[in-house]
file final-v7.tsv (TSV, C-alpha atoms)
chain	number	residue	atom	x	y	z
A	1	MET	CA	0.00	0.00	0.00
A	2	GLU	CA	1.18	3.48	-0.82
A	3	GLU	CA	0.13	4.70	2.62
A	4	ASN	CA	2.44	2.16	4.26
A	5	LYS	CA	5.42	3.47	2.33
A	6	THR	CA	4.60	7.04	3.27
A	7	ILE	CA	4.16	6.48	6.95
A	8	ALA	CA	7.22	4.27	7.16
A	9	SER	CA	9.49	6.77	5.46
A	10	LYS	CA	10.94	8.14	8.71
A	11	PRO	CA	12.56	5.89	11.31
A	12	SER	CA	11.75	6.51	14.95
A	13	ILE	CA	13.36	5.61	18.25
A	14	ASN	CA	11.28	4.14	21.03
A	15	SER	CA	11.78	4.93	24.70
A	16	ASN	CA	14.10	1.95	25.15
A	17	GLY	CA	16.44	3.19	22.46
A	18	SER	CA	15.69	0.47	19.89
A	19	GLY	CA	14.78	1.58	16.38
A	20	MET	CA	11.21	1.25	15.05
A	21	ASN	CA	9.89	2.48	11.74
A	22	ASP	CA	6.47	4.10	11.58
A	23	VAL	CA	4.61	0.95	10.52
A	24	GLU	CA	6.06	-0.90	13.51
A	25	MET	CA	5.10	2.02	15.73
A	26	VAL	CA	1.47	1.82	14.54
A	27	LYS	CA	1.38	-1.87	15.48
A	28	TYR	CA	3.05	-1.07	18.80
A	29	LEU	CA	0.47	1.64	19.54
A	30	ASN	CA	-2.38	-0.66	18.58
A	31	SER	CA	-1.25	-3.29	21.10
A	32	LYS	CA	-0.64	-0.67	23.80
A	33	PHE	CA	-4.08	0.85	23.20
A	34	LYS	CA	-5.76	-2.49	23.96
A	35	GLU	CA	-3.60	-2.91	27.04
A	36	LEU	CA	-4.41	0.64	28.16
A	37	LYS	CA	-8.16	0.06	27.92
A	38	ASN	CA	-7.83	-3.17	29.90
A	39	GLU	CA	-6.01	-1.33	32.69
A	40	VAL	CA	-8.54	1.51	32.81
A	41	ALA	CA	-11.37	-1.04	32.88
A	42	LYS	CA	-10.06	-2.26	36.24
A	43	VAL	CA	-11.28	1.01	37.74
A	44	ILE	CA	-13.80	2.53	35.31
A	45	VAL	CA	-16.91	0.55	34.36
A	46	GLY	CA	-18.14	1.22	30.81
A	47	GLN	CA	-17.53	4.65	29.21
A	48	ASP	CA	-15.61	3.02	26.32
A	49	ALA	CA	-16.37	5.78	23.82
A	50	ILE	CA	-15.38	8.46	26.36
A	51	ILE	CA	-12.05	6.75	27.05
A	52	ASP	CA	-11.38	6.42	23.32
A	53	GLN	CA	-12.03	10.12	22.74
A	54	ILE	CA	-9.79	11.24	25.60
A	55	ILE	CA	-6.93	9.05	24.35
A	56	ILE	CA	-7.42	10.42	20.82
A	57	ALA	CA	-7.20	13.96	22.20
A	58	ILE	CA	-4.03	13.18	24.17
A	59	LEU	CA	-2.26	11.72	21.13
A	60	SER	CA	-3.48	14.65	18.99
A	61	LYS	CA	-2.06	17.21	21.48
A	62	GLY	CA	-5.59	18.47	22.11
A	63	HIS	CA	-7.59	19.38	25.20
A	64	CYS	CA	-11.02	18.18	26.28
A	65	LEU	CA	-14.09	19.79	27.81
A	66	LEU	CA	-15.95	17.08	29.71
A	67	VAL	CA	-19.62	17.74	30.47
A	68	GLY	CA	-21.60	15.56	32.85
A	69	VAL	CA	-23.65	15.58	36.01
A	70	PRO	CA	-21.87	14.98	39.34
A	71	GLY	CA	-20.96	11.43	40.30
A	72	LEU	CA	-20.08	10.03	36.87
A	73	ALA	CA	-16.40	9.41	37.82
A	74	LYS	CA	-14.94	12.20	35.68
A	75	THR	CA	-12.14	12.89	38.15
A	76	LEU	CA	-11.47	9.18	38.72
A	77	LEU	CA	-11.26	8.56	34.98
A	78	VAL	CA	-8.67	11.29	34.44
A	79	LYS	CA	-6.66	10.22	37.50
A	80	THR	CA	-6.67	6.59	36.32
A	81	LEU	CA	-5.44	7.58	32.85
A	82	ALA	CA	-2.67	9.66	34.42
A	83	ASP	CA	-1.59	6.65	36.51
A	84	VAL	CA	-1.43	4.13	33.64
A	85	LEU	CA	0.37	6.68	31.44
A	86	GLU	CA	2.77	7.66	34.26
A	87	LEU	CA	1.89	11.33	33.89
A	88	LYS	CA	2.08	13.95	36.63
A	89	PHE	CA	-1.50	14.76	37.59
A	90	SER	CA	-2.96	17.85	39.26
A	91	ARG	CA	-6.52	18.86	40.02
A	92	VAL	CA	-7.78	22.43	40.38
A	93	GLN	CA	-11.21	23.03	41.87
A	94	PHE	CA	-12.42	26.23	40.20
A	95	THR	CA	-14.29	28.60	42.50
A	96	PRO	CA	-15.40	32.25	42.20
A	97	ASP	CA	-12.51	33.44	44.39
A	98	LEU	CA	-9.77	31.56	42.50
A	99	MET	CA	-6.99	33.84	41.25
A	100	PRO	CA	-4.70	33.36	38.21
A	101	SER	CA	-1.72	32.96	40.56
A	102	ASP	CA	-3.50	30.00	42.18
A	103	ILE	CA	-3.16	28.20	38.84
A	104	VAL	CA	0.07	29.50	37.36
A	105	GLY	CA	2.07	30.01	40.54
A	106	THR	CA	3.45	32.96	42.47
A	107	GLU	CA	6.70	34.53	43.62
A	108	ILE	CA	7.62	34.57	47.29
A	109	LEU	CA	10.33	36.53	49.06
A	110	GLU	CA	12.77	34.28	50.89
A	111	ASP	CA	15.99	34.74	52.83
A	112	ASP	CA	19.29	33.46	51.47
A	113	ARG	CA	21.05	32.24	54.60
A	114	GLN	CA	24.46	32.05	52.91
A	115	THR	CA	24.54	35.67	51.70
A	116	GLY	CA	22.08	37.19	54.16
A	117	THR	CA	20.11	38.77	51.32
A	118	LYS	CA	16.53	38.35	50.21
A	119	ARG	CA	15.47	37.10	46.81
A	120	PHE	CA	12.30	36.19	44.97
A	121	LYS	CA	11.57	32.53	44.28
A	122	PHE	CA	8.87	31.32	41.89
A	123	ILE	CA	6.62	28.61	43.29
A	124	HIS	CA	5.07	26.54	40.52
A	125	GLY	CA	1.29	26.26	40.46
A	126	PRO	CA	-0.79	23.18	39.62
A	127	VAL	CA	-0.64	23.96	35.89
A	128	PHE	CA	2.92	22.57	35.95
A	129	ALA	CA	1.78	19.00	35.40
A	130	ASN	CA	1.27	16.70	32.44
A	131	MET	CA	-2.44	16.17	32.96
A	132	VAL	CA	-4.43	18.98	34.57
A	133	LEU	CA	-8.03	18.50	35.65
A	134	ALA	CA	-9.82	21.88	35.71
A	135	ASP	CA	-12.89	20.96	37.72
A	136	GLU	CA	-15.97	23.11	36.97
A	137	ILE	CA	-14.04	25.63	34.89
A	138	ASN	CA	-17.18	27.74	34.41
A	139	ARG	CA	-17.34	28.59	38.14
A	140	THR	CA	-14.37	30.96	38.07
A	141	PRO	CA	-14.17	34.51	36.63
A	142	PRO	CA	-12.93	35.10	33.06
A	143	LYS	CA	-9.55	36.46	34.25
A	144	THR	CA	-8.72	33.14	35.92
A	145	GLN	CA	-10.16	31.12	33.03
A	146	SER	CA	-7.91	32.98	30.59
A	147	ALA	CA	-4.81	32.17	32.64
A	148	LEU	CA	-5.43	28.46	32.10
A	149	LEU	CA	-6.47	28.89	28.47
A	150	GLU	CA	-3.22	30.77	27.72
A	151	ALA	CA	-1.24	27.83	29.08
A	152	MET	CA	-3.35	25.46	26.96
A	153	GLN	CA	-2.59	27.34	23.77
A	154	GLU	CA	1.05	28.28	24.27
A	155	HIS	CA	2.22	25.46	26.58
A	156	LYS	CA	3.97	28.27	28.43
A	157	VAL	CA	3.14	30.57	31.33
A	158	THR	CA	4.41	34.04	32.17
A	159	ALA	CA	4.84	35.25	35.75
A	160	ALA	CA	6.61	38.40	36.95
A	161	GLY	CA	8.08	38.95	33.51
A	162	ASN	CA	9.57	35.46	33.24
A	163	THR	CA	8.37	32.77	30.85
A	164	TYR	CA	8.24	29.15	31.96
A	165	THR	CA	7.80	26.26	29.53
A	166	LEU	CA	5.46	23.49	30.59
A	167	ASP	CA	6.60	19.89	30.56
A	168	GLU	CA	5.42	17.78	27.61
A	169	PRO	CA	3.03	16.14	27.13
A	170	PHE	CA	0.63	18.76	28.48
A	171	PHE	CA	-3.08	18.04	28.48
A	172	VAL	CA	-6.01	19.87	30.11
A	173	LEU	CA	-9.33	18.23	30.81
A	174	ALA	CA	-11.91	20.74	32.00
A	175	THR	CA	-15.26	19.70	33.45
A	176	GLN	CA	-18.62	21.43	33.52
A	177	ASN	CA	-21.86	20.62	35.29
A	178	PRO	CA	-24.74	20.98	32.78
A	179	ILE	CA	-27.54	21.26	35.36
A	180	GLU	CA	-26.37	24.21	37.48
A	181	HIS	CA	-25.95	27.65	35.95
A	182	GLU	CA	-26.34	29.94	38.95
A	183	GLY	CA	-23.07	31.61	39.91
A	184	THR	CA	-21.25	30.44	36.75
A	185	TYR	CA	-19.19	32.25	34.11
A	186	PRO	CA	-19.86	30.48	30.78
A	187	LEU	CA	-16.83	30.15	28.54
A	188	PRO	CA	-16.99	32.47	25.50
A	189	GLU	CA	-17.13	30.82	22.09
A	190	ALA	CA	-13.56	31.93	21.30
A	191	GLN	CA	-12.30	30.10	24.40
A	192	LEU	CA	-14.47	27.04	23.78
A	193	ASP	CA	-12.80	26.78	20.38
A	194	ARG	CA	-9.48	26.06	22.14
A	195	PHE	CA	-10.81	22.66	23.20
A	196	MET	CA	-10.38	19.89	20.65
A	197	PHE	CA	-13.26	17.77	21.99
A	198	ASN	CA	-16.46	18.51	23.87
A	199	ILE	CA	-17.37	15.18	25.45
A	200	TRP	CA	-20.72	14.49	27.12
A	201	LEU	CA	-20.96	11.76	29.74
A	202	ASP	CA	-24.25	9.94	30.15
A	203	TYR	CA	-25.59	7.85	33.01
A	204	PRO	CA	-24.37	4.23	33.16
A	205	THR	CA	-26.69	1.40	32.18
A	206	ALA	CA	-28.40	-0.64	34.91
A	207	SER	CA	-25.90	-3.51	34.56
A	208	GLU	CA	-22.93	-1.10	34.60
A	209	GLU	CA	-24.30	0.61	37.70
A	210	MET	CA	-24.59	-2.77	39.43
A	211	ASP	CA	-20.91	-3.44	38.71
A	212	ILE	CA	-19.99	0.03	39.97
A	213	ILE	CA	-21.81	-0.61	43.26
A	214	LYS	CA	-20.13	-4.01	43.67
A	215	TYR	CA	-16.64	-2.58	43.17
A	216	THR	CA	-16.95	0.66	45.12
A	217	THR	CA	-18.67	-0.79	48.20
A	218	SER	CA	-16.26	-3.68	48.69
A	219	MET	CA	-12.57	-4.18	49.46
A	220	TYR	CA	-11.76	-4.28	45.75
A	221	GLN	CA	-8.50	-2.37	45.13
A	222	PRO	CA	-7.12	-2.90	41.63
A	223	LYS	CA	-3.39	-2.72	40.94
A	224	LEU	CA	-2.73	-0.58	37.88
A	225	ASN	CA	0.22	-1.23	35.58
A	226	ILE	CA	1.97	1.51	33.62
A	227	VAL	CA	1.27	1.09	29.90
A	228	LEU	CA	3.01	4.08	28.30
A	229	LYS	CA	5.50	6.65	29.58
A	230	LYS	CA	5.96	10.33	28.80
A	231	GLU	CA	8.70	9.78	26.23
A	232	GLU	CA	6.58	7.25	24.35
A	233	ILE	CA	3.55	9.56	24.34
A	234	ASN	CA	5.65	12.40	22.90
A	235	MET	CA	6.94	10.02	20.25
A	236	LEU	CA	3.43	8.82	19.36
A	237	GLN	CA	2.17	12.41	19.15
A	238	ASP	CA	4.84	13.02	16.51
A	239	LEU	CA	3.75	9.85	14.74
A	240	VAL	CA	0.21	11.23	14.37
A	241	LYS	CA	1.57	14.27	12.53
A	242	ARG	CA	3.31	11.96	10.03
A	243	VAL	CA	0.21	9.93	9.16
A	244	PRO	CA	-0.69	10.60	5.50
A	245	VAL	CA	-4.20	11.75	4.57
A	246	ALA	CA	-5.78	11.26	1.14
A	247	ASP	CA	-7.02	14.36	-0.67
A	248	ASN	CA	-10.60	13.07	-0.78
A	249	VAL	CA	-10.66	12.83	3.03
A	250	ILE	CA	-9.40	16.41	3.38
A	251	GLU	CA	-11.93	17.54	0.76
A	252	TYR	CA	-14.77	15.82	2.68
A	253	THR	CA	-13.61	17.42	5.95
A	254	VAL	CA	-13.43	20.94	4.55
A	255	GLY	CA	-16.79	20.45	2.83
A	256	LEU	CA	-18.40	19.24	6.07
A	257	VAL	CA	-17.12	22.24	8.04
A	258	ASN	CA	-18.12	24.67	5.30
A	259	LYS	CA	-21.68	23.31	5.37
A	260	THR	CA	-21.97	24.39	9.02
A	261	ARG	CA	-21.57	28.08	8.09
A	262	PRO	CA	-24.99	29.70	7.50
A	263	ALA	CA	-23.56	32.42	5.25
A	264	GLY	CA	-21.64	29.93	3.10
A	265	ALA	CA	-22.64	28.97	-0.43
A	266	SER	CA	-22.86	25.25	0.49
A	267	ALA	CA	-25.11	25.74	3.54
A	268	THR	CA	-28.43	23.88	3.43
A	269	LYS	CA	-31.76	25.43	4.38
A	270	TYR	CA	-31.86	23.86	7.85
A	271	VAL	CA	-28.35	25.16	8.60
A	272	LYS	CA	-29.42	28.69	7.63
A	273	ASP	CA	-32.60	28.32	9.68
A	274	TRP	CA	-31.07	26.86	12.84
A	275	LEU	CA	-27.47	28.10	13.11
A	276	GLU	CA	-26.20	31.54	14.03
A	277	TRP	CA	-22.53	30.67	13.47
A	278	GLY	CA	-20.70	27.66	12.14
A	279	ALA	CA	-17.30	26.08	12.79
A	280	GLY	CA	-13.99	27.73	11.91
A	281	PRO	CA	-10.80	26.33	10.34
A	282	ARG	CA	-9.63	24.95	13.70
A	283	ALA	CA	-12.50	22.44	13.47
A	284	SER	CA	-11.10	21.11	10.17
A	285	GLN	CA	-7.65	20.75	11.73
A	286	TYR	CA	-8.99	18.84	14.74
A	287	LEU	CA	-11.18	16.61	12.56
A	288	ILE	CA	-8.12	15.55	10.56
A	289	LEU	CA	-5.95	15.06	13.65
A	290	GLY	CA	-8.68	13.07	15.38
A	291	ALA	CA	-9.24	10.93	12.30
A	292	LYS	CA	-5.50	10.28	11.95
A	293	THR	CA	-5.25	9.16	15.56
A	294	ASN	CA	-8.36	7.00	15.37
A	295	SER	CA	-7.04	5.21	12.30
A	296	ILE	CA	-3.69	4.26	13.83
A	297	LEU	CA	-5.35	3.25	17.10
A	298	GLU	CA	-7.30	0.77	15.02
A	299	GLY	CA	-4.13	-0.39	13.26
A	300	ARG	CA	-4.72	1.37	9.92
A	301	PHE	CA	-2.10	3.54	8.25
A	302	SER	CA	-4.29	6.30	6.84
A	303	PRO	CA	-7.67	7.76	7.89
A	304	GLU	CA	-10.88	7.27	5.95
A	305	ILE	CA	-14.05	9.35	5.78
A	306	ASP	CA	-15.60	7.11	8.46
A	307	ASP	CA	-12.84	8.25	10.85
A	308	ILE	CA	-13.90	11.86	10.24
A	309	LYS	CA	-17.52	10.94	10.97
A	310	LYS	CA	-16.51	9.20	14.20
A	311	VAL	CA	-14.91	12.34	15.68
A	312	ALA	CA	-17.32	14.86	14.09
A	313	LYS	CA	-19.67	15.15	17.08
A	314	PRO	CA	-17.10	15.87	19.83
A	315	VAL	CA	-15.20	18.27	17.54
A	316	LEU	CA	-18.21	20.22	16.22
A	317	ARG	CA	-20.64	20.08	19.17
A	318	HIS	CA	-19.33	23.22	20.88
A	319	ARG	CA	-18.48	25.08	17.68
A	320	LEU	CA	-21.99	25.30	16.22
A	321	ILE	CA	-24.00	28.19	17.70
A	322	THR	CA	-27.74	27.59	17.37
A	323	ASN	CA	-30.27	30.43	17.17
A	324	PHE	CA	-33.75	31.07	18.59
A	325	ASN	CA	-35.40	29.11	15.77
A	326	ALA	CA	-33.49	25.99	16.74
A	327	GLU	CA	-34.43	26.45	20.38
A	328	ALA	CA	-38.08	26.88	19.45
A	329	ASP	CA	-37.96	23.71	17.34
A	330	GLY	CA	-36.14	21.74	20.03
A	331	ILE	CA	-33.05	21.32	17.84
A	332	LYS	CA	-29.57	20.94	19.36
A	333	SER	CA	-26.19	21.27	17.68
A	334	THR	CA	-25.77	17.47	17.81
A	335	ASP	CA	-28.98	17.03	15.78
A	336	ILE	CA	-27.57	19.26	13.05
A	337	ILE	CA	-24.24	17.37	13.11
A	338	ASP	CA	-26.09	14.07	12.68
A	339	LYS	CA	-27.98	15.44	9.68
A	340	LEU	CA	-24.81	16.77	8.06
A	341	VAL	CA	-22.87	13.54	8.60
A	342	ASN	CA	-25.69	11.31	7.36
A	343	GLU	CA	-26.24	13.25	4.14
call {"tool": "encode", "arguments": {"input": "final-v7.tsv", "output": "structure tokens"}}
result
Amino acid sequence: MEENKTIASKPSINSNGSGMNDVEMVKYLNSKFKELKNEVAKVIVGQDAIIDQIIIAILSKGHCLLVGVPGLAKTLLVKTLADVLELKFSRVQFTPDLMPSDIVGTEILEDDRQTGTKRFKFIHGPVFANMVLADEINRTPPKTQSALLEAMQEHKVTAAGNTYTLDEPFFVLATQNPIEHEGTYPLPEAQLDRFMFNIWLDYPTASEEMDIIKYTTSMYQPKLNIVLKKEEINMLQDLVKRVPVADNVIEYTVGLVNKTRPAGASATKYVKDWLEWGAGPRASQYLILGAKTNSILEGRFSPEIDDIKKVAKPVLRHRLITNFNAEADGIKSTDIIDKLVNE
């Protein structure tokens, strides 16, 4: 296959120092992906699609906005993934009185006992981790939200005139509670666009909930094994960038995103009737990156249109702004995505 030749064109070095070409790395990732899901399943019951999407975002160097009611194990899921990937984990509970320095860090004045002088020392905040859980990000003022979003975009933070580079890989998973809006500061559309995926968690099935009760109310304490390390994740993130994409897949992706724009020439009547704004170019980029990652996780060397369709909902859900007509008709952004994808 031509794709195999393309993806194998550059040799890579794994974390143990032995050489692997890109085709071998795809097979290696495919086996590690299955192992990773088995480890997570020791702690998390169900949520297979959610786990897949978070892993896709990690390997695509993207961030996730996770929306779900309390008690659906959002924090436990992220902590479990951090453990099996041997990533430094930090959790920030966002509150109305949280300051940017509480996230980024602050300078303190300390005595130097050797010289007898005083000097400023920068104390790193919780953003200096590989996997940051921003719990209820919409409960803190915009100034504090922007401090985290700057770190997400630049992978750097600035404090007291000094710039500090964050350790790679760096991944933010922010949560929101969809049922409480009092005392919240909704993220503006421009900031929502920084998130690769918007993932919605649903309630577990009756059988899954039975398993959850059995595990959490007993002495069950699973032992988690490390599946991938930081160096391997960085290497696999680079692999995603090298995955070739056929022109027809890119054409389909751009066409799909263009159809979400009400003012565009390719917009259908229901898009013009129900949408105020459509998705921007960043949506096309994330669709391609997500499709690339999904394909190699499944052991294929190049994405297909079905891979685009698989990641369309989490990529586009928060980028389509519905209008009053849609609200009156009971139409959500996901309904419009389904119609566009099924056409």
call {"tool": "atom_distance", "arguments": {"input": "final-v7.tsv", "atom1": "atom CA of A:Glu86", "atom2": "atom CA of A:Ala174"}}
result
19.8 Å
call {"tool": "residues_around", "arguments": {"input": "final-v7.tsv", "residues": "A:Met196", "least_positions_apart": "6", "cutoff": "12 Å", "atoms": "only C-alpha atoms", "output": "PDB file with C-alpha atoms, in the coordinates of the input"}}
result
ATOM      1  CA  GLN A  53     -12.030  10.120  22.740  1.00  0.00           C
ATOM      2  CA  ILE A  54      -9.790  11.240  25.600  1.00  0.00           C
ATOM      3  CA  ILE A  55      -6.930   9.050  24.350  1.00  0.00           C
ATOM      4  CA  ILE A  56      -7.420  10.420  20.820  1.00  0.00           C
ATOM      5  CA  ALA A  57      -7.200  13.960  22.200  1.00  0.00           C
ATOM      6  CA  ILE A  58      -4.030  13.180  24.170  1.00  0.00           C
ATOM      7  CA  LEU A  59      -2.260  11.720  21.130  1.00  0.00           C
ATOM      8  CA  SER A  60      -3.480  14.650  18.990  1.00  0.00           C
ATOM      9  CA  LYS A  61      -2.060  17.210  21.480  1.00  0.00           C
ATOM     10  CA  GLY A  62      -5.590  18.470  22.110  1.00  0.00           C
ATOM     11  CA  HIS A  63      -7.590  19.380  25.200  1.00  0.00           C
ATOM     12  CA  CYS A  64     -11.020  18.180  26.280  1.00  0.00           C
ATOM     13  CA  LEU A  65     -14.090  19.790  27.810  1.00  0.00           C
ATOM     14  CA  LEU A  66     -15.950  17.080  29.710  1.00  0.00           C
ATOM     15  CA  MET A 152      -3.350  25.460  26.960  1.00  0.00           C
ATOM     16  CA  GLN A 153      -2.590  27.340  23.770  1.00  0.00           C
ATOM     17  CA  PHE A 171      -3.080  18.040  28.480  1.00  0.00           C
ATOM     18  CA  VAL A 172      -6.010  19.870  30.110  1.00  0.00           C
ATOM     19  CA  LEU A 173      -9.330  18.230  30.810  1.00  0.00           C
ATOM     20  CA  ALA A 174     -11.910  20.740  32.000  1.00  0.00           C
ATOM     21  CA  ARG A 282      -9.630  24.950  13.700  1.00  0.00           C
ATOM     22  CA  ALA A 283     -12.500  22.440  13.470  1.00  0.00           C
ATOM     23  CA  SER A 284     -11.100  21.110  10.170  1.00  0.00           C
ATOM     24  CA  GLN A 285      -7.650  20.750  11.730  1.00  0.00           C
ATOM     25  CA  TYR A 286      -8.990  18.840  14.740  1.00  0.00           C
ATOM     26  CA  LEU A 287     -11.180  16.610  12.560  1.00  0.00           C
ATOM     27  CA  ILE A 288      -8.120  15.550  10.560  1.00  0.00           C
ATOM     28  CA  LEU A 289      -5.950  15.060  13.650  1.00  0.00           C
ATOM     29  CA  GLY A 290      -8.680  13.070  15.380  1.00  0.00           C
ATOM     30  CA  VAL A 311     -14.910  12.340  15.680  1.00  0.00           C
ATOM     31  CA  ALA A 312     -17.320  14.860  14.090  1.00  0.00           C
ATOM     32  CA  LYS A 313     -19.670  15.150  17.080  1.00  0.00           C
ATOM     33  CA  PRO A 314     -17.100  15.870  19.830  1.00  0.00           C
ATOM     34  CA  VAL A 315     -15.200  18.270  17.540  1.00  0.00           C
ATOM     35  CA  LEU A 316     -18.210  20.220  16.220  1.00  0.00           C
ATOM     36  CA  ARG A 317     -20.640  20.080  19.170  1.00  0.00           C
ATOM     37  CA  HIS A 318     -19.330  23.220  20.880  1.00  0.00           C
ATOM     38  CA  ARG A 319     -18.480  25.080  17.680  1.00  0.00           C
TER      39      ARG A 319
END
call {"tool": "atom_distance", "arguments": {"input": "final-v7.tsv", "atom1": "atom CA of A:Val341", "atom2": "atom CA of A:Lys310"}}
result
9.5 Å
call {"tool": "residues_near_point", "arguments": {"input": "final-v7.tsv", "point": "(-5.4, 24.7, 43.5)", "cutoff": "10 Å", "atoms": "only C-alpha atoms", "output": "PyMOL selection string"}}
result
chain A and resi 90-95+98-99+101-105+125-127+134
call {"tool": "residues_around", "arguments": {"input": "final-v7.tsv", "residues": "A:Lys259", "least_positions_apart": "4", "cutoff": "12 Å", "atoms": "only C-alpha atoms", "output": "PyMOL selection string"}}
result
chain A and resi 252-255+263-272+275+277-280+284+316+320+336-337+339-341+343
call {"tool": "atom_distance", "arguments": {"input": "final-v7.tsv", "atom1": "atom CA of A:Glu154", "atom2": "atom CA of A:Phe197"}}
result
17.9 Å
call {"tool": "closest_residue", "arguments": {"input": "final-v7.tsv", "among": "A:Ile250, A:Val78, A:Val245, A:Ala159", "to": "A:Arg300", "atoms": "all atoms listed in the file"}}
result
A:Val245
call {"tool": "closest_residue", "arguments": {"input": "final-v7.tsv", "among": "A:Ala160, A:Leu228, A:Ile305, A:Val69", "to": "A:Glu251", "atoms": "only C-alpha atoms"}}
result
A:Ile305
call {"tool": "build_atoms", "arguments": {"input": "final-v7.tsv", "residues": "stretch 147-168 of chain A", "atoms": "N, CA and C atoms", "output": "CSV table (one decimal), keeping the file's coordinate frame"}}
result
chain,number,residue,atom,x,y,z
A,147,ALA,N,-6.2,32.6,32.2
A,147,ALA,CA,-4.8,32.2,32.6
A,147,ALA,C,-4.6,30.7,32.3
A,148,LEU,N,-5.6,29.9,32.5
A,148,LEU,CA,-5.4,28.5,32.1
A,148,LEU,C,-5.4,28.3,30.6
A,149,LEU,N,-6.3,29.0,29.9
A,149,LEU,CA,-6.5,28.9,28.5
A,149,LEU,C,-5.2,29.4,27.7
A,150,GLU,N,-4.5,30.3,28.3
A,150,GLU,CA,-3.2,30.8,27.7
A,150,GLU,C,-2.2,29.6,27.8
A,151,ALA,N,-2.2,29.0,28.9
A,151,ALA,CA,-1.2,27.8,29.1
A,151,ALA,C,-1.6,26.7,28.1
A,152,MET,N,-2.9,26.5,27.9
A,152,MET,CA,-3.4,25.5,27.0
A,152,MET,C,-2.9,25.7,25.5
A,153,GLN,N,-2.9,27.0,25.1
A,153,GLN,CA,-2.6,27.3,23.8
A,153,GLN,C,-1.1,27.4,23.6
A,154,GLU,N,-0.4,28.0,24.5
A,154,GLU,CA,1.0,28.3,24.3
A,154,GLU,C,2.0,27.2,24.9
A,155,HIS,N,1.4,26.4,25.8
A,155,HIS,CA,2.2,25.5,26.6
A,155,HIS,C,3.3,26.2,27.3
A,156,LYS,N,3.1,27.4,27.7
A,156,LYS,CA,4.0,28.3,28.4
A,156,LYS,C,3.2,29.1,29.4
A,157,VAL,N,3.8,29.6,30.4
A,157,VAL,CA,3.1,30.6,31.3
A,157,VAL,C,4.1,31.7,31.6
A,158,THR,N,3.6,32.9,31.9
A,158,THR,CA,4.4,34.0,32.2
A,158,THR,C,4.1,34.6,33.5
A,159,ALA,N,5.1,34.7,34.4
A,159,ALA,CA,4.8,35.2,35.8
A,159,ALA,C,6.0,36.2,36.1
A,160,ALA,N,5.6,37.4,36.5
A,160,ALA,CA,6.6,38.4,37.0
A,160,ALA,C,7.7,38.7,35.9
A,161,GLY,N,7.2,38.6,34.6
A,161,GLY,CA,8.1,39.0,33.5
A,161,GLY,C,8.9,37.8,33.0
A,162,ASN,N,8.8,36.6,33.7
A,162,ASN,CA,9.6,35.5,33.2
A,162,ASN,C,8.6,34.4,32.6
A,163,THR,N,9.1,33.8,31.6
A,163,THR,CA,8.4,32.8,30.8
A,163,THR,C,8.9,31.4,31.2
A,164,TYR,N,7.9,30.5,31.6
A,164,TYR,CA,8.2,29.2,32.0
A,164,TYR,C,7.6,28.2,31.0
A,165,THR,N,8.3,27.2,30.5
A,165,THR,CA,7.8,26.3,29.5
A,165,THR,C,7.3,25.1,30.3
A,166,LEU,N,6.1,24.6,29.9
A,166,LEU,CA,5.5,23.5,30.6
A,166,LEU,C,6.0,22.2,30.1
A,167,ASP,N,6.1,21.2,30.9
A,167,ASP,CA,6.6,19.9,30.6
A,167,ASP,C,5.7,19.2,29.6
A,168,GLU,N,6.2,18.5,28.6
A,168,GLU,CA,5.4,17.8,27.6
A,168,GLU,C,5.4,16.3,28.0
